[in-house]
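Shown next: protein22.txt, given as compact mmCIF, C-alpha atoms and all ligand atoms.
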# COMPACT_ATOMS: atom_id res chain seq x y z
CA MET A 1 -70.75 -41.69 -56.19
CA ALA A 2 -71.50 -38.13 -55.10
CA ARG A 3 -70.14 -36.46 -51.98
CA LEU A 4 -72.14 -34.78 -49.24
CA ALA A 5 -71.04 -31.44 -47.80
CA VAL A 6 -73.01 -30.32 -44.75
CA ASN A 7 -73.99 -26.71 -44.16
CA VAL A 8 -74.01 -25.95 -40.41
CA ASP A 9 -75.61 -22.48 -40.56
CA HIS A 10 -78.87 -23.76 -39.12
CA VAL A 11 -77.17 -25.11 -36.03
CA ALA A 12 -75.99 -21.54 -35.45
CA THR A 13 -79.53 -20.28 -36.13
CA ILE A 14 -80.83 -22.41 -33.25
CA ARG A 15 -78.06 -21.02 -31.03
CA GLU A 16 -78.96 -17.46 -32.01
CA ALA A 17 -82.59 -18.05 -31.03
CA ARG A 18 -81.32 -17.86 -27.43
CA GLY A 19 -78.27 -15.71 -27.96
CA ILE A 20 -76.12 -18.11 -25.93
CA ASP A 21 -73.35 -20.52 -26.89
CA GLN A 22 -75.17 -23.71 -27.81
CA PRO A 23 -75.70 -25.70 -29.92
CA ASP A 24 -72.24 -25.15 -31.35
CA PRO A 25 -71.95 -25.37 -35.17
CA VAL A 26 -68.29 -26.33 -34.74
CA LEU A 27 -69.21 -29.45 -32.75
CA ALA A 28 -71.96 -30.23 -35.27
CA ALA A 29 -69.38 -30.04 -38.06
CA GLY A 30 -67.12 -32.50 -36.23
CA ILE A 31 -69.99 -34.96 -35.81
CA ALA A 32 -70.96 -34.54 -39.48
CA GLU A 33 -67.40 -35.40 -40.51
CA LEU A 34 -67.34 -38.43 -38.19
CA ALA A 35 -70.58 -39.56 -39.83
CA GLY A 36 -68.90 -39.39 -43.25
CA ALA A 37 -69.56 -35.91 -44.62
CA GLU A 38 -66.80 -34.92 -47.03
CA GLY A 39 -67.12 -31.19 -46.58
CA ILE A 40 -68.40 -28.53 -44.20
CA ILE A 41 -70.01 -25.31 -45.35
CA CYS A 42 -70.89 -22.13 -43.54
CA HIS A 43 -72.09 -18.75 -44.72
CA LEU A 44 -70.56 -15.78 -42.97
CA ARG A 45 -73.20 -13.17 -43.69
CA GLU A 46 -72.50 -9.48 -43.44
CA ASP A 47 -75.06 -9.17 -40.62
CA ARG A 48 -73.61 -12.25 -38.77
CA ARG A 49 -77.15 -13.50 -38.20
CA HIS A 50 -76.06 -17.10 -37.66
CA ILE A 51 -72.39 -17.94 -38.25
CA HIS A 52 -69.96 -15.70 -36.36
CA ASP A 53 -66.31 -14.95 -37.09
CA ARG A 54 -65.38 -17.18 -34.14
CA ASP A 55 -67.19 -20.13 -35.75
CA LEU A 56 -65.38 -19.74 -39.05
CA ARG A 57 -62.02 -19.39 -37.29
CA LEU A 58 -62.59 -22.56 -35.25
CA LEU A 59 -63.94 -24.44 -38.25
CA ARG A 60 -60.77 -23.54 -40.14
CA GLN A 61 -58.75 -25.09 -37.31
CA THR A 62 -60.86 -28.22 -36.88
CA VAL A 63 -62.39 -29.26 -40.21
CA LYS A 64 -60.46 -32.23 -41.56
CA THR A 65 -62.24 -32.60 -44.91
CA ARG A 66 -62.88 -29.40 -46.89
CA LEU A 67 -64.12 -26.11 -45.54
CA ASN A 68 -66.30 -24.14 -47.91
CA MET A 69 -67.01 -20.52 -46.93
CA GLU A 70 -70.11 -19.09 -48.56
CA MET A 71 -69.82 -15.34 -48.91
CA ALA A 72 -70.88 -12.23 -50.75
CA ALA A 73 -68.26 -10.78 -53.10
CA VAL A 74 -67.53 -7.81 -50.83
CA GLU A 75 -64.22 -6.45 -49.56
CA GLU A 76 -64.76 -7.46 -45.92
CA MET A 77 -65.39 -11.11 -46.82
CA ILE A 78 -62.56 -11.23 -49.36
CA GLU A 79 -60.15 -10.10 -46.64
CA ILE A 80 -61.47 -12.67 -44.15
CA ALA A 81 -61.17 -15.43 -46.75
CA ARG A 82 -57.61 -14.40 -47.60
CA GLU A 83 -56.70 -14.46 -43.93
CA LEU A 84 -58.40 -17.71 -42.88
CA GLN A 85 -57.92 -19.58 -46.13
CA PRO A 86 -60.87 -21.95 -46.39
CA ASP A 87 -60.30 -24.67 -49.00
CA LEU A 88 -63.03 -23.18 -51.13
CA ILE A 89 -65.26 -20.14 -51.22
CA THR A 90 -68.71 -20.07 -52.76
CA LEU A 91 -69.79 -16.68 -54.05
CA VAL A 92 -73.46 -16.04 -53.38
CA PRO A 93 -75.74 -13.01 -53.69
CA GLU A 94 -76.78 -11.56 -50.36
CA ARG A 95 -79.66 -9.34 -49.41
CA ARG A 96 -80.19 -8.30 -45.82
CA GLN A 97 -83.95 -8.83 -45.81
CA GLU A 98 -83.91 -12.37 -47.20
CA LEU A 99 -84.50 -15.41 -44.97
CA THR A 100 -82.01 -17.43 -46.98
CA THR A 101 -80.14 -17.07 -50.28
CA GLU A 102 -82.94 -16.52 -52.75
CA GLY A 103 -81.42 -16.82 -56.18
CA GLY A 104 -78.21 -17.53 -57.99
CA LEU A 105 -75.47 -14.97 -58.43
CA ASP A 106 -75.82 -12.73 -61.50
CA VAL A 107 -72.25 -13.22 -62.74
CA LEU A 108 -73.15 -11.77 -66.13
CA ALA A 109 -74.04 -8.45 -64.55
CA ASP A 110 -70.43 -7.73 -63.56
CA PRO A 111 -67.94 -10.33 -64.86
CA ASP A 112 -64.90 -8.09 -64.22
CA ARG A 113 -65.73 -7.71 -60.56
CA TYR A 114 -65.96 -11.48 -60.11
CA ARG A 115 -62.79 -12.10 -62.09
CA LYS A 116 -60.93 -9.81 -59.68
CA VAL A 117 -62.36 -11.67 -56.66
CA VAL A 118 -61.19 -14.97 -58.12
CA GLU A 119 -57.70 -13.57 -58.67
CA ARG A 120 -57.45 -12.22 -55.14
CA VAL A 121 -58.44 -15.41 -53.36
CA ARG A 122 -56.57 -17.66 -55.76
CA GLU A 123 -53.35 -15.91 -54.71
CA LYS A 124 -53.93 -17.65 -51.37
CA GLY A 125 -54.58 -21.04 -52.92
CA ILE A 126 -58.35 -20.88 -52.40
CA ARG A 127 -60.64 -22.42 -55.03
CA VAL A 128 -63.79 -20.62 -56.12
CA SER A 129 -67.31 -21.88 -56.66
CA PHE A 130 -70.09 -19.73 -58.14
CA PHE A 131 -73.65 -20.33 -56.95
CA VAL A 132 -75.74 -19.81 -60.08
CA ASP A 133 -79.21 -20.48 -61.38
CA PRO A 134 -79.43 -23.35 -63.89
CA GLU A 135 -78.79 -20.93 -66.79
CA PRO A 136 -76.09 -21.80 -69.35
CA SER A 137 -75.23 -18.08 -69.80
CA GLN A 138 -74.47 -17.70 -66.07
CA ILE A 139 -72.42 -20.89 -66.10
CA GLU A 140 -70.39 -19.60 -69.03
CA ALA A 141 -69.85 -16.31 -67.20
CA ALA A 142 -68.67 -18.18 -64.08
CA CYS A 143 -66.28 -20.16 -66.22
CA SER A 144 -64.83 -17.11 -67.93
CA ALA A 145 -64.49 -15.33 -64.58
CA GLY A 146 -62.10 -18.14 -63.66
CA GLY A 147 -64.36 -20.22 -61.39
CA ASP A 148 -63.29 -23.78 -60.58
CA ILE A 149 -66.77 -25.02 -59.73
CA VAL A 150 -70.39 -24.04 -60.31
CA GLU A 151 -72.97 -24.85 -57.69
CA ILE A 152 -76.32 -25.14 -59.42
CA HIS A 153 -79.14 -23.55 -57.46
CA THR A 154 -81.78 -26.21 -56.83
CA GLY A 155 -84.11 -24.03 -54.75
CA HIS A 156 -86.67 -23.39 -57.50
CA TYR A 157 -86.89 -27.12 -58.16
CA ALA A 158 -87.34 -27.77 -54.44
CA GLU A 159 -90.18 -25.23 -54.29
CA ALA A 160 -92.12 -26.68 -57.24
CA ARG A 161 -95.79 -27.07 -56.42
CA SER A 162 -96.60 -29.97 -58.71
CA ASP A 163 -94.84 -32.96 -60.17
CA LYS A 164 -95.03 -31.41 -63.62
CA GLU A 165 -93.40 -28.23 -62.38
CA ALA A 166 -90.72 -30.23 -60.54
CA GLU A 167 -90.03 -32.23 -63.71
CA GLU A 168 -89.67 -29.04 -65.78
CA ARG A 169 -87.38 -27.38 -63.26
CA PHE A 170 -85.33 -30.55 -62.91
CA GLY A 171 -84.93 -30.58 -66.70
CA ARG A 172 -83.34 -27.11 -66.52
CA ILE A 173 -80.92 -28.37 -63.87
CA ALA A 174 -80.03 -31.42 -65.97
CA ARG A 175 -79.26 -29.21 -68.99
CA ALA A 176 -77.21 -26.83 -66.85
CA VAL A 177 -75.16 -29.72 -65.47
CA GLU A 178 -74.44 -30.88 -69.02
CA SER A 179 -73.23 -27.46 -70.10
CA ALA A 180 -71.06 -27.07 -66.99
CA SER A 181 -69.36 -30.41 -67.52
CA GLY A 182 -68.70 -29.45 -71.14
CA MET A 183 -66.74 -26.46 -69.80
CA ASP A 184 -64.52 -28.53 -67.58
CA LEU A 185 -65.95 -27.07 -64.41
CA GLY A 186 -66.58 -29.00 -61.20
CA VAL A 187 -70.32 -29.30 -60.59
CA SER A 188 -72.16 -29.25 -57.32
CA ALA A 189 -75.77 -28.55 -56.41
CA GLY A 190 -77.70 -27.28 -53.46
CA HIS A 191 -80.47 -25.33 -51.78
CA GLY A 192 -83.73 -26.76 -50.55
CA LEU A 193 -82.70 -30.37 -51.06
CA ASP A 194 -84.19 -32.91 -48.67
CA TYR A 195 -84.41 -36.66 -48.18
CA ILE A 196 -87.24 -36.95 -50.72
CA ASN A 197 -86.64 -34.43 -53.47
CA ILE A 198 -82.99 -35.46 -53.78
CA LYS A 199 -83.98 -38.87 -55.14
CA ARG A 200 -84.57 -37.47 -58.61
CA PHE A 201 -80.88 -36.57 -58.83
CA ARG A 202 -79.90 -40.22 -59.11
CA SER A 203 -79.88 -39.75 -62.89
CA LEU A 204 -77.35 -36.89 -62.75
CA ALA A 205 -74.05 -38.63 -62.20
CA ARG A 206 -72.08 -35.51 -63.23
CA ILE A 207 -72.92 -33.73 -59.97
CA GLU A 208 -69.93 -34.34 -57.75
CA GLU A 209 -71.15 -32.81 -54.50
CA TYR A 210 -74.39 -31.85 -52.76
CA SER A 211 -74.48 -28.92 -50.38
CA ILE A 212 -77.24 -29.49 -47.84
CA GLY A 213 -78.12 -27.80 -44.57
CA HIS A 214 -81.67 -27.20 -43.49
CA SER A 215 -83.14 -30.66 -44.05
CA ILE A 216 -80.22 -32.36 -42.28
CA VAL A 217 -80.31 -30.06 -39.26
CA SER A 218 -84.12 -30.40 -39.09
CA ARG A 219 -83.81 -34.16 -38.99
CA ALA A 220 -80.90 -33.95 -36.56
CA VAL A 221 -83.11 -32.16 -34.02
CA LEU A 222 -85.25 -35.31 -33.89
CA VAL A 223 -82.85 -38.19 -34.53
CA GLY A 224 -79.37 -36.76 -33.89
CA MET A 225 -76.76 -35.23 -36.16
CA GLU A 226 -74.83 -38.39 -36.86
CA ARG A 227 -77.87 -40.34 -38.01
CA ALA A 228 -79.24 -37.44 -40.05
CA VAL A 229 -75.94 -37.09 -41.91
CA ARG A 230 -75.56 -40.84 -42.46
CA GLU A 231 -79.08 -41.10 -43.87
CA MET A 232 -78.34 -38.39 -46.42
CA ILE A 233 -75.02 -39.98 -47.33
CA ASP A 234 -76.82 -43.29 -47.90
CA LEU A 235 -78.93 -41.51 -50.53
CA VAL A 236 -76.23 -39.58 -52.39
CA ARG A 237 -73.63 -42.32 -52.39
CA ASP A 238 -75.75 -44.25 -54.91
CA PHE A 239 -75.82 -41.39 -57.42
N1 LIG B 301 -75.94 -23.73 -51.20
C1 LIG B 301 -75.99 -22.40 -51.00
C2 LIG B 301 -75.21 -21.51 -51.91
C3 LIG B 301 -76.74 -21.84 -49.94
O1 LIG B 301 -76.76 -20.51 -49.76
C4 LIG B 301 -77.41 -22.71 -49.07
C5 LIG B 301 -78.18 -22.16 -47.90
O2 LIG B 301 -77.30 -21.59 -46.98
C6 LIG B 301 -77.32 -24.10 -49.31
C7 LIG B 301 -76.61 -24.58 -50.40
C8 LIG B 301 -78.00 -25.09 -48.44
O3 LIG B 301 -79.38 -24.92 -48.54
P1 LIG B 301 -80.35 -25.68 -47.55
O4 LIG B 301 -80.07 -25.14 -46.18
O5 LIG B 301 -81.71 -25.33 -48.05
O6 LIG B 301 -80.02 -27.14 -47.65
Let me see whether you can do it: turn the structure in this file into structure tokens.
Ligand code: PXP
Amino acid sequence: MARLAVNVDHVATIREARGIDQPDPVLAAGIAELAGAEGIICHLREDRRHIHDRDLRLLRQTVKTRLNMEMAAVEEMIEIARELQPDLITLVPERRQELTTEGGLDVLADPDRYRKVVERVREKGIRVSFFVDPEPSQIEAACSAGGDIVEIHTGHYAEARSDKEAEERFGRIARAVESASGMDLGVSAGHGLDYINIKRFRSLARIEEYSIGHSIVSRAVLVGMERAVREMIDLVRDF
């Protein structure tokens, strides 16, 4: 039975469209938890385009399940994480021009840098997840950098343009999950998952948690946050 963690960035994106104070991602997180979500995720980006420092601070005070702070491995974010102490951080690549996180983190490019980040946040009791493409070499690098969890990037699978392509890309994810579990890492998955493309994951019982934002918030606009979260939980709880 897999867990659902809800990313509330897109609630903040709607708020930012008006530059006012609603809808509030902190309230959305509370409703998601009441509906059964077992984690709340937000990405504090360097440009603060959706989640603000105030949101993260209040989420730290109110989230009752697990708060996962997505962040770039930069000094400013490391300091904020050490101060606010989310339960978990997820290290992601970040480019200012991108609409959303576009690819997995290249841990192999600078393993020493990531090892130091892990050491600095672990001093505060924070666990570390690495968001990586479904590449065994990146998973190994995340493991040797001291990561507790790897989050497998499912975005390329979600963007497949044919069933054949989706099947191929899903195969890469399945192999990545196998290699991660062989390394004694926690395994989660996310990016671009929705109420339809998630069904294929039923066969991957080793994935412990799904990290989902956009499709849930999109559905919530039409049917309400509680129902949107419950409907996703109904899908992943069978996995
Ligand atoms: N996981 C990571 C690392 C992400 O950056 C995002 C997007 O913020 C998600 C999961 C959720 O992706 P989506 O909003 O497409 O469900």
Exercise. List the neighbours of Arg66 in chain A out to 12 Å using only C-alpha atoms; skip same-chain residues closer than 4 positions along the sequence, and give me the result as an MDAnalysis selection string.
Key: chainID A and resid 3:7 29:30 33 37:42 59:62 85:89 126:127 209
Practice problem: Figure out the distance between CA of Glu231 in chain A and CA of Leu44 in chain A, please, to one decimal in Å. | Solution: 26.7 Å
Quiz item: So which residues are near ligand LIG 301 (chain B), meaning at most 9 Å away with all atoms listed in the file counted, given back as a VMD selection string?
Solution: chain A and resid 6 to 10 41 to 43 70 to 71 90 to 94 100 to 104 130 to 132 151 to 155 158 189 to 194 210 to 217
Quiz item: Which one of A:Asp106, A:Asp47, A:Glu208, A:Asp21 sits closest to Arg237 in chain A if you count all atoms listed in the file?
Solution: A:Glu208
Could you list, as a PDB file with C-alpha atoms, keeping the file's coordinate frame, every residue within 10 Å of Ile207 in chain A, counting all atoms listed in the file and ignoring same-chain residues fewer than 4 positions away?
ATOM      1  CA  MET A   1     -70.750 -41.690 -56.190  1.00  0.00           C
ATOM      2  CA  ALA A   2     -71.500 -38.130 -55.100  1.00  0.00           C
ATOM      3  CA  ARG A   3     -70.140 -36.460 -51.980  1.00  0.00           C
ATOM      4  CA  GLU A 151     -72.970 -24.850 -57.690  1.00  0.00           C
ATOM      5  CA  ILE A 152     -76.320 -25.140 -59.420  1.00  0.00           C
ATOM      6  CA  ALA A 174     -80.030 -31.420 -65.970  1.00  0.00           C
ATOM      7  CA  VAL A 177     -75.160 -29.720 -65.470  1.00  0.00           C
ATOM      8  CA  GLU A 178     -74.440 -30.880 -69.020  1.00  0.00           C
ATOM      9  CA  ALA A 180     -71.060 -27.070 -66.990  1.00  0.00           C
ATOM     10  CA  SER A 181     -69.360 -30.410 -67.520  1.00  0.00           C
ATOM     11  CA  GLY A 186     -66.580 -29.000 -61.200  1.00  0.00           C
ATOM     12  CA  VAL A 187     -70.320 -29.300 -60.590  1.00  0.00           C
ATOM     13  CA  SER A 188     -72.160 -29.250 -57.320  1.00  0.00           C
ATOM     14  CA  ALA A 189     -75.770 -28.550 -56.410  1.00  0.00           C
ATOM     15  CA  PHE A 201     -80.880 -36.570 -58.830  1.00  0.00           C
ATOM     16  CA  ARG A 202     -79.900 -40.220 -59.110  1.00  0.00           C
ATOM     17  CA  SER A 203     -79.880 -39.750 -62.890  1.00  0.00           C
ATOM     18  CA  PHE A 239     -75.820 -41.390 -57.420  1.00  0.00           C
TER      19      PHE A 239
END
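Relative to CA of Leu56 in chain A, CA of Leu84 in chain A is found at 8.2 Å.
In this comparison, which uses only C-alpha atoms, the residue of A:Arg175, A:Arg206, A:Arg49, A:Arg82 approaching Val121 in chain A most closely is A:Arg82.
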Quiz item: If you count all atoms listed in the file, which residues fall within 7 Å of Ala12 in chain A, apart from same-chain ones fewer than 4 positions away, as JSON, numbers by chain?
Solution: {"A": [8, 16, 23, 24, 25, 50, 51]}
Quiz item: Leu34 in chain A: which residues within 10 Å, counting all atoms listed in the file, same-chain residues fewer than 5 positions away excluded, as number ranges by chain?
Solution: A: 28-29, 64, 226, 229-230
Self-check item: Two-atom distance - CA of Ile233 in chain A, CA of Arg219 in chain A (Å)
Solution: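 Atom-to-atom, CA of Ile233 in chain A to CA of Arg219 in chain A, that is 13.4 Å.
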Quiz prompt | Top pick for closest residue to Gln138 in chain A, considering A:Ala17, A:Val107, A:Ala32, A:Ala166 and counting all atoms listed in the file | solution =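 Under the stated criterion, the closest residue is A:Val107.
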Quiz item: Between A:Ala109, A:Lys164, A:Arg48, A:Glu83, which is the closest to Glu123 in chain A once you count all atoms listed in the file?
Solution: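 Checking each candidate against Glu123 in chain A, we get A:Glu83 as the closest.
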Quiz item: Taking into account only C-alpha atoms, which residue in the set A:Ile198, A:Val11, A:Ile80, A:Val118 is nearest to Ser218 in chain A?
Solution: A:Val11
Quiz prompt | Nearest to Lys124 in chain A by atom-to-atom distance, counting only C-alpha atoms, from A:Ala72, A:Ile78, A:Ala176, A:Ala141 | solution = A:Ile78
